[in-house]
$ cat data24.cif   # mmCIF, C-alpha atoms
data_coords
loop_
_atom_site.label_atom_id
_atom_site.label_comp_id
_atom_site.auth_asym_id
_atom_site.auth_seq_id
_atom_site.Cartn_x
_atom_site.Cartn_y
_atom_site.Cartn_z
CA MET R 1 191.94 -58.86 54.77
CA ALA R 2 194.02 -58.72 57.92
CA THR R 3 196.52 -55.93 58.37
CA GLU R 4 199.53 -56.27 60.64
CA ARG R 5 201.45 -53.41 62.17
CA ARG R 6 204.67 -53.76 64.09
CA ALA R 7 206.78 -51.85 66.58
CA GLU R 8 210.17 -52.59 68.17
CA VAL R 9 211.26 -51.40 71.59
CA THR R 10 214.53 -51.76 73.51
CA TRP R 11 214.98 -51.29 77.27
CA GLN R 12 218.22 -50.97 79.19
CA GLY R 13 218.64 -51.04 82.96
CA ASP R 14 216.11 -51.22 85.76
CA LEU R 15 212.66 -49.70 85.84
CA MET R 16 213.34 -46.56 87.84
CA SER R 17 216.68 -45.43 86.45
CA GLY R 18 216.75 -47.31 83.14
CA SER R 19 215.10 -46.21 79.92
CA GLY R 20 213.70 -47.51 76.69
CA THR R 21 213.49 -46.57 73.04
CA ILE R 22 210.81 -47.28 70.46
CA ASP R 23 213.52 -47.96 67.91
CA ARG R 24 211.43 -48.41 64.80
CA VAL R 25 207.99 -49.21 63.48
CA GLY R 26 207.04 -51.20 60.41
CA SER R 27 206.00 -48.17 58.39
CA GLY R 28 209.17 -46.25 59.23
CA ALA R 29 206.97 -43.27 60.17
CA PHE R 30 208.61 -42.66 63.53
CA GLY R 31 211.40 -43.68 65.83
CA PRO R 32 213.53 -43.60 67.74
CA LEU R 33 211.24 -42.27 70.49
CA HIS R 34 212.44 -42.36 74.07
CA VAL R 35 210.36 -43.68 76.97
CA SER R 36 211.04 -43.97 80.70
CA TRP R 37 209.11 -44.76 83.85
CA PRO R 38 209.49 -41.28 85.38
CA ALA R 39 208.29 -39.66 82.13
CA ARG R 40 205.33 -42.05 82.11
CA SER R 41 204.32 -41.80 85.74
CA GLU R 42 204.88 -38.14 86.56
CA GLU R 43 202.62 -35.26 85.70
CA GLN R 44 205.06 -33.72 83.24
CA SER R 45 206.09 -35.83 80.26
CA GLY R 46 209.47 -34.15 79.91
CA GLY R 47 209.08 -34.32 76.14
CA LYS R 48 208.93 -38.12 76.14
CA THR R 49 206.04 -40.15 74.80
CA SER R 50 204.47 -43.01 76.79
CA PRO R 51 202.19 -46.00 76.19
CA GLU R 52 199.25 -43.84 77.28
CA GLU R 53 200.07 -41.06 74.82
CA LEU R 54 200.41 -43.64 72.04
CA ILE R 55 197.04 -45.11 73.00
CA ALA R 56 195.56 -41.60 72.91
CA ALA R 57 197.04 -41.14 69.42
CA ALA R 58 195.71 -44.52 68.26
CA HIS R 59 192.24 -43.84 69.62
CA ALA R 60 191.97 -40.27 68.30
CA SER R 61 193.07 -41.32 64.81
CA CYS R 62 190.83 -44.40 64.69
CA PHE R 63 187.82 -42.42 65.96
CA SER R 64 188.43 -39.64 63.41
CA MET R 65 188.51 -42.11 60.53
CA ALA R 66 185.36 -43.88 61.70
CA LEU R 67 183.56 -40.54 62.07
CA ALA R 68 184.71 -39.34 58.63
CA HIS R 69 183.39 -42.62 57.23
CA GLY R 70 180.04 -42.42 59.03
CA LEU R 71 179.48 -38.81 57.97
CA ALA R 72 180.33 -39.55 54.32
CA GLN R 73 178.01 -42.55 54.29
CA ALA R 74 175.20 -40.35 55.58
CA GLY R 75 175.77 -38.00 52.65
CA THR R 76 177.46 -35.26 54.70
CA PRO R 77 181.23 -35.71 54.44
CA PRO R 78 183.18 -33.50 56.84
CA GLU R 79 185.32 -30.59 55.76
CA ARG R 80 187.40 -30.91 58.89
CA LEU R 81 187.42 -32.87 62.14
CA ALA R 82 189.64 -31.97 65.10
CA THR R 83 189.77 -34.76 67.68
CA ALA R 84 191.56 -34.82 71.03
CA ALA R 85 191.94 -37.90 73.22
CA ALA R 86 193.15 -37.74 76.82
CA VAL R 87 194.10 -41.02 78.47
CA THR R 88 194.22 -41.12 82.27
CA PHE R 89 196.67 -43.57 83.84
CA VAL R 90 196.84 -44.38 87.53
CA PRO R 91 200.09 -46.27 88.27
CA GLY R 92 199.25 -49.54 89.98
CA THR R 93 195.64 -49.43 88.77
CA GLY R 94 195.86 -48.96 85.02
CA ILE R 95 194.02 -46.87 82.45
CA THR R 96 190.96 -45.45 84.18
CA LYS R 97 189.55 -43.02 81.65
CA ILE R 98 189.67 -41.84 78.04
CA ALA R 99 188.14 -38.48 77.19
CA LEU R 100 187.39 -37.86 73.51
CA GLU R 101 186.57 -34.41 72.23
CA VAL R 102 185.70 -33.64 68.64
CA ARG R 103 185.07 -30.37 66.82
CA GLY R 104 183.73 -30.70 63.32
CA THR R 105 182.98 -28.59 60.29
CA VAL R 106 180.35 -30.52 58.37
CA PRO R 107 178.33 -28.73 55.65
CA GLY R 108 174.62 -29.57 55.71
CA LEU R 109 174.55 -31.18 59.15
CA GLU R 110 172.85 -30.13 62.39
CA GLU R 111 174.32 -30.62 65.86
CA ALA R 112 172.09 -33.61 66.66
CA GLY R 113 173.15 -35.48 63.53
CA PHE R 114 176.79 -34.79 64.26
CA ARG R 115 176.40 -36.03 67.82
CA GLU R 116 174.74 -39.22 66.62
CA ALA R 117 177.51 -39.89 64.08
CA ALA R 118 180.18 -39.21 66.74
CA GLU R 119 178.52 -41.58 69.23
CA GLY R 120 178.46 -44.22 66.50
CA ALA R 121 182.18 -43.76 65.79
CA LYS R 122 182.94 -43.96 69.50
CA ALA R 123 181.05 -47.25 69.79
CA ASP R 124 182.27 -48.90 66.59
CA CYS R 125 185.81 -47.89 65.75
CA PRO R 126 188.22 -50.84 66.14
CA VAL R 127 190.33 -49.11 68.80
CA SER R 128 187.21 -48.27 70.85
CA LYS R 129 186.23 -51.92 70.71
CA ALA R 130 189.72 -52.99 71.78
CA LEU R 131 189.61 -50.54 74.69
CA ALA R 132 186.05 -51.35 75.77
CA GLY R 133 187.36 -52.47 79.17
CA VAL R 134 188.37 -48.92 80.14
CA PRO R 135 186.00 -47.96 83.00
CA GLU R 136 185.06 -44.57 81.56
CA ILE R 137 185.12 -43.33 77.97
CA THR R 138 183.55 -39.90 77.51
CA LEU R 139 182.75 -37.87 74.40
CA VAL R 140 182.27 -34.13 73.96
CA VAL R 141 181.01 -32.97 70.58
CA ARG R 142 180.97 -29.52 68.99
CA LEU R 143 179.78 -28.62 65.53
CA GLU R 144 181.38 -25.49 64.15
CA ASP R 145 179.92 -23.07 61.64
CA VAL R 146 180.77 -23.78 58.06
CA MET M 147 198.40 -42.55 93.49
CA PRO M 148 198.65 -39.66 91.02
CA ARG M 149 196.39 -39.53 88.01
CA ILE M 150 198.53 -39.06 84.94
CA SER M 151 196.94 -37.64 81.81
CA ARG M 152 198.44 -37.99 78.32
CA ASP M 153 196.86 -36.28 75.32
CA ALA M 154 196.98 -36.69 71.58
CA SER M 155 195.16 -34.80 68.88
CA VAL M 156 194.15 -35.45 65.31
CA SER M 157 193.23 -33.02 62.61
CA TRP M 158 191.31 -34.69 59.77
CA THR M 159 190.40 -33.06 56.48
CA GLY M 160 187.87 -34.42 54.01
CA SER M 161 186.12 -37.75 53.61
CA LEU M 162 187.54 -41.06 54.78
CA SER M 163 188.68 -42.46 51.44
CA ARG M 164 190.12 -39.26 49.97
CA GLY M 165 190.92 -37.25 53.07
CA SER M 166 193.86 -37.44 55.42
CA GLY M 167 194.80 -36.65 58.97
CA VAL M 168 197.69 -35.58 61.14
CA VAL M 169 198.09 -37.20 64.56
CA SER M 170 200.13 -35.32 67.17
CA ALA M 171 201.52 -36.21 70.57
CA ALA M 172 199.99 -33.26 72.41
CA SER M 173 201.49 -33.97 75.85
CA SER M 174 205.09 -34.59 74.91
CA GLY M 175 205.40 -33.10 71.44
CA ALA M 176 207.33 -36.26 70.55
CA PHE M 177 205.64 -36.82 67.18
CA GLU M 178 203.39 -35.37 64.50
CA LEU M 179 202.48 -37.90 61.83
CA PRO M 180 200.25 -38.17 58.75
CA VAL M 181 197.57 -40.89 58.60
CA THR M 182 195.28 -42.00 55.78
CA LEU M 183 192.83 -44.84 55.24
CA GLY M 184 194.81 -46.22 52.30
CA SER M 185 198.01 -46.53 54.31
CA ARG M 186 196.07 -48.01 57.24
CA ILE M 187 194.57 -50.94 55.37
CA GLY M 188 197.02 -51.25 52.47
CA GLU M 189 200.75 -50.70 52.19
CA PRO M 190 201.83 -48.22 54.88
CA GLU M 191 203.99 -46.17 52.47
CA GLY M 192 205.84 -44.55 55.34
CA LYS M 193 202.69 -43.58 57.24
CA THR M 194 201.70 -44.76 60.68
CA SER M 195 198.21 -46.03 61.62
CA PRO M 196 196.12 -46.57 64.75
CA GLU M 197 197.24 -50.21 64.80
CA GLU M 198 200.93 -49.30 64.58
CA LEU M 199 200.48 -46.80 67.41
CA LEU M 200 198.82 -49.56 69.46
CA ALA M 201 201.76 -51.88 68.71
CA ALA M 202 204.16 -49.18 69.95
CA ALA M 203 201.97 -48.63 73.03
CA HIS M 204 201.76 -52.33 73.86
CA ALA M 205 205.49 -52.97 73.31
CA SER M 206 206.48 -50.02 75.49
CA CYS M 207 203.92 -50.91 78.18
CA PHE M 208 205.10 -54.54 78.32
CA VAL M 209 208.80 -53.69 78.29
CA THR M 210 208.35 -51.38 81.29
CA SER M 211 206.47 -54.08 83.12
CA LEU M 212 209.15 -56.67 82.26
CA ALA M 213 211.94 -54.40 83.54
CA GLY M 214 210.06 -54.11 86.84
CA GLU M 215 209.28 -57.82 87.20
CA SER M 216 212.81 -58.94 86.27
CA ALA M 217 214.23 -56.80 89.07
CA ARG M 218 211.56 -57.95 91.51
CA ALA M 219 212.61 -61.55 90.79
CA GLY M 220 216.20 -60.63 91.69
CA GLY M 221 217.63 -60.14 88.21
CA THR M 222 219.63 -57.28 86.76
CA VAL M 223 218.35 -56.09 83.40
CA GLU M 224 221.02 -55.52 80.80
CA ARG M 225 218.83 -55.25 77.75
CA LEU M 226 215.28 -56.14 76.73
CA ASP M 227 214.24 -56.21 73.07
CA VAL M 228 210.49 -56.38 72.49
CA THR M 229 208.65 -56.52 69.18
CA CYS M 230 204.88 -56.19 69.07
CA THR M 231 202.66 -57.05 66.11
CA VAL M 232 199.03 -55.89 66.17
CA THR M 233 196.58 -57.44 63.73
CA MET M 234 193.29 -55.91 62.60
CA ASP M 235 190.84 -58.09 60.69
CA GLU M 236 187.26 -58.09 59.56
CA VAL M 237 185.22 -60.31 61.87
CA GLU M 238 181.92 -61.60 60.55
CA GLY M 239 179.04 -59.63 61.99
CA LYS M 240 181.35 -57.36 63.99
CA GLY M 241 183.17 -55.33 61.36
CA HIS M 242 186.84 -54.47 61.74
CA GLN M 243 188.41 -55.51 65.01
CA ILE M 244 191.80 -55.70 66.64
CA VAL M 245 192.07 -59.47 66.77
CA ALA M 246 195.60 -60.06 68.04
CA SER M 247 198.64 -58.53 69.66
CA GLU M 248 201.79 -60.61 69.75
CA LEU M 249 204.79 -59.72 71.85
CA GLU M 250 208.20 -61.23 71.26
CA ALA M 251 210.91 -60.47 73.78
CA THR M 252 214.62 -61.31 73.61
CA CYS M 253 216.24 -60.44 76.92
CA ARG M 254 219.56 -60.27 78.70
CA VAL M 255 218.95 -60.41 82.43
CA GLU M 256 221.75 -61.35 84.83
CA GLY M 257 220.99 -63.51 87.83
CA LEU M 258 217.78 -65.20 86.59
CA ASP M 259 217.57 -68.76 85.29
CA GLU M 260 215.12 -69.65 82.54
CA ASP M 261 212.30 -70.64 84.91
CA ALA M 262 212.57 -67.49 86.98
CA PHE M 263 212.70 -65.40 83.82
CA ALA M 264 209.64 -67.16 82.37
CA ARG M 265 207.72 -66.37 85.57
CA ALA M 266 208.85 -62.75 85.40
CA ALA M 267 207.63 -62.52 81.78
CA GLU M 268 204.27 -63.97 82.78
CA ALA M 269 203.97 -61.52 85.65
CA ALA M 270 204.93 -58.69 83.28
CA ASP M 271 202.08 -59.63 80.96
CA GLU M 272 199.65 -59.78 83.88
CA GLY M 273 200.92 -56.47 85.21
CA CYS M 274 200.81 -54.57 81.91
CA PRO M 275 197.49 -52.71 81.97
CA PHE M 276 197.30 -52.67 78.21
CA SER M 277 197.62 -56.48 77.92
CA ALA M 278 194.64 -56.86 80.24
CA LEU M 279 192.52 -54.42 78.24
CA LEU M 280 193.31 -56.02 74.88
CA ARG M 281 192.76 -59.53 76.15
CA ALA M 282 189.04 -58.84 76.58
CA SER M 283 188.54 -58.90 72.80
CA ALA M 284 191.83 -60.00 71.20
CA SER M 285 194.36 -62.77 71.50
CA VAL M 286 197.43 -61.58 73.38
CA ARG M 287 200.49 -63.81 73.14
CA VAL M 288 203.88 -63.39 74.75
CA ARG M 289 207.03 -65.23 73.72
CA ALA M 290 209.97 -64.32 75.90
CA GLN M 291 213.44 -65.72 75.49
CA LEU M 292 216.41 -65.35 77.81
CA GLU M 293 219.73 -64.85 76.05
CA SER M 294 222.99 -65.66 77.73
CA SER M 295 225.02 -62.50 78.21
#
$ encode --input "data24.cif" --output "structure tokens"
Amino acid sequence: MATERRAEVTWQGDLMSGSGTIDRVGSGAFGPLHVSWPARSEEQSGGKTSPEELIAAAHASCFSMALAHGLAQAGTPPERLATAAAVTFVPGTGITKIALEVRGTVPGLEEAGFREAAEGAKADCPVSKALAGVPEITLVVRLEDV
Amino acid sequence: MPRISRDASVSWTGSLSRGSGVVSAASSGAFELPVTLGSRIGEPEGKTSPEELLAAAHASCFVTSLAGESARAGGTVERLDVTCTVTMDEVEGKGHQIVASELEATCRVEGLDEDAFARAAEAADEGCPFSALLRASASVRVRAQLESS
């Protein structure tokens, strides 16, 4: 069954001095969140989110769910997964890199098995597939002691 | 050009069906939100999901691009309203996939006629890096309408 998710954004003024707001999302989980070009294109976010940070959040959460699923199917459900995603944006070029890093606590699993499951999640999660055109997607994996 | 990095983190506890996660905007601190499988594929019940975050990303990416292109065409942006709907579906043989992202824009831009505005909207779609990425595997559709101010 298809699932639809929705977001609404408003922008006022020009690109450089104007600003936008993610007013609301279908779930009601967040908003309003402010966005602006300076906050997006400068090193410091100034406390504002950006399309790239939202993509990082989407990818990290999708990857985590796919990994939790893969581990459970293999008979070794995780106790805890901590995933970080860093999206690199070069203005004028686009999104050039996504770096995924996952630390997991998974009873009964060795490092190699964890790595294999994480590689599988990276290849197969829906957001990974949607972002397959990003030139470089890296994955660092660490299994922590139970 | 500078390389800008934006980070998010997720902490997930337990299995997929019974566990849950918290997704945080690590760079900006702008949000910290619960996610679960049930609220991703069923009723959202107040929780966000990867697809909703993508919809917010695509809408905000496109709106920035449209603000830039409208000005480049000689217009003055008063207000742009953009709604994005992202659809995930099960595709035979490929599992779950993001199959579509639809953008709907209602805009007040002074100094552009409908044709010039339509060209600006098209250029905005071409110039939005996220539209280009999604288009490789999903249908991306833009409907932009100019409102008289």
$ resolve_selection --input "data24.cif" --expression "the PyMOL selection byres ((chain M and resi 290) around 12)" --output "number ranges by chain"
M: 208-209, 212, 226-230, 248-255, 260-271, 287-289, 291-293
$ residues_around --input "data24.cif" --residues "stretch 57-71 of chain R" --least-positions-apart "4" --cutoff "8 Å" --atoms "only C-alpha atoms" --output "PyMOL selection string"
(chain R and resi 53+75-78+81-85+100+114+117-118+120-122+124-128) or (chain M and resi 153-156+158+160-163+167+169-171+181+183+195-200)
$ write_last_selection --input "data24.cif" --atoms "C-alpha atoms" --output "JSON list (two decimals), keeping the file's coordinate frame"
[["chain", "number", "residue", "atom", "x", "y", "z"],
["R", 53, "GLU", "CA", 200.07, -41.06, 74.82],
["R", 75, "GLY", "CA", 175.77, -38.00, 52.65],
["R", 76, "THR", "CA", 177.46, -35.26, 54.70],
["R", 77, "PRO", "CA", 181.23, -35.71, 54.44],
["R", 78, "PRO", "CA", 183.18, -33.50, 56.84],
["R", 81, "LEU", "CA", 187.42, -32.87, 62.14],
["R", 82, "ALA", "CA", 189.64, -31.97, 65.10],
["R", 83, "THR", "CA", 189.77, -34.76, 67.68],
["R", 84, "ALA", "CA", 191.56, -34.82, 71.03],
["R", 85, "ALA", "CA", 191.94, -37.90, 73.22],
["R", 100, "LEU", "CA", 187.39, -37.86, 73.51],
["R", 114, "PHE", "CA", 176.79, -34.79, 64.26],
["R", 117, "ALA", "CA", 177.51, -39.89, 64.08],
["R", 118, "ALA", "CA", 180.18, -39.21, 66.74],
["R", 120, "GLY", "CA", 178.46, -44.22, 66.50],
["R", 121, "ALA", "CA", 182.18, -43.76, 65.79],
["R", 122, "LYS", "CA", 182.94, -43.96, 69.50],
["R", 124, "ASP", "CA", 182.27, -48.90, 66.59],
["R", 125, "CYS", "CA", 185.81, -47.89, 65.75],
["R", 126, "PRO", "CA", 188.22, -50.84, 66.14],
["R", 127, "VAL", "CA", 190.33, -49.11, 68.80],
["R", 128, "SER", "CA", 187.21, -48.27, 70.85],
["M", 153, "ASP", "CA", 196.86, -36.28, 75.32],
["M", 154, "ALA", "CA", 196.98, -36.69, 71.58],
["M", 155, "SER", "CA", 195.16, -34.80, 68.88],
["M", 156, "VAL", "CA", 194.15, -35.45, 65.31],
["M", 158, "TRP", "CA", 191.31, -34.69, 59.77],
["M", 160, "GLY", "CA", 187.87, -34.42, 54.01],
["M", 161, "SER", "CA", 186.12, -37.75, 53.61],
["M", 162, "LEU", "CA", 187.54, -41.06, 54.78],
["M", 163, "SER", "CA", 188.68, -42.46, 51.44],
["M", 167, "GLY", "CA", 194.80, -36.65, 58.97],
["M", 169, "VAL", "CA", 198.09, -37.20, 64.56],
["M", 170, "SER", "CA", 200.13, -35.32, 67.17],
["M", 171, "ALA", "CA", 201.52, -36.21, 70.57],
["M", 181, "VAL", "CA", 197.57, -40.89, 58.60],
["M", 183, "LEU", "CA", 192.83, -44.84, 55.24],
["M", 195, "SER", "CA", 198.21, -46.03, 61.62],
["M", 196, "PRO", "CA", 196.12, -46.57, 64.75],
["M", 197, "GLU", "CA", 197.24, -50.21, 64.80],
["M", 198, "GLU", "CA", 200.93, -49.30, 64.58],
["M", 199, "LEU", "CA", 200.48, -46.80, 67.41],
["M", 200, "LEU", "CA", 198.82, -49.56, 69.46]]
$ resolve_selection --input "data24.cif" --expression "the PyMOL selection byres ((chain M and resi 231-242) around 6)" --output "PyMOL selection string"
(chain R and resi 2-6+126) or (chain M and resi 201+230+243-248)
$ closest_residue --input "data24.cif" --among "R:Thr138, R:Thr21, R:Thr105, R:Thr88" --to "chain M" --atoms "only C-alpha atoms"
R:Thr88
$ closest_residue --input "data24.cif" --among "R:Gly113, R:Pro91, R:Pro135, R:Gly18" --to "M:Ile150" --atoms "only C-alpha atoms"
R:Pro91
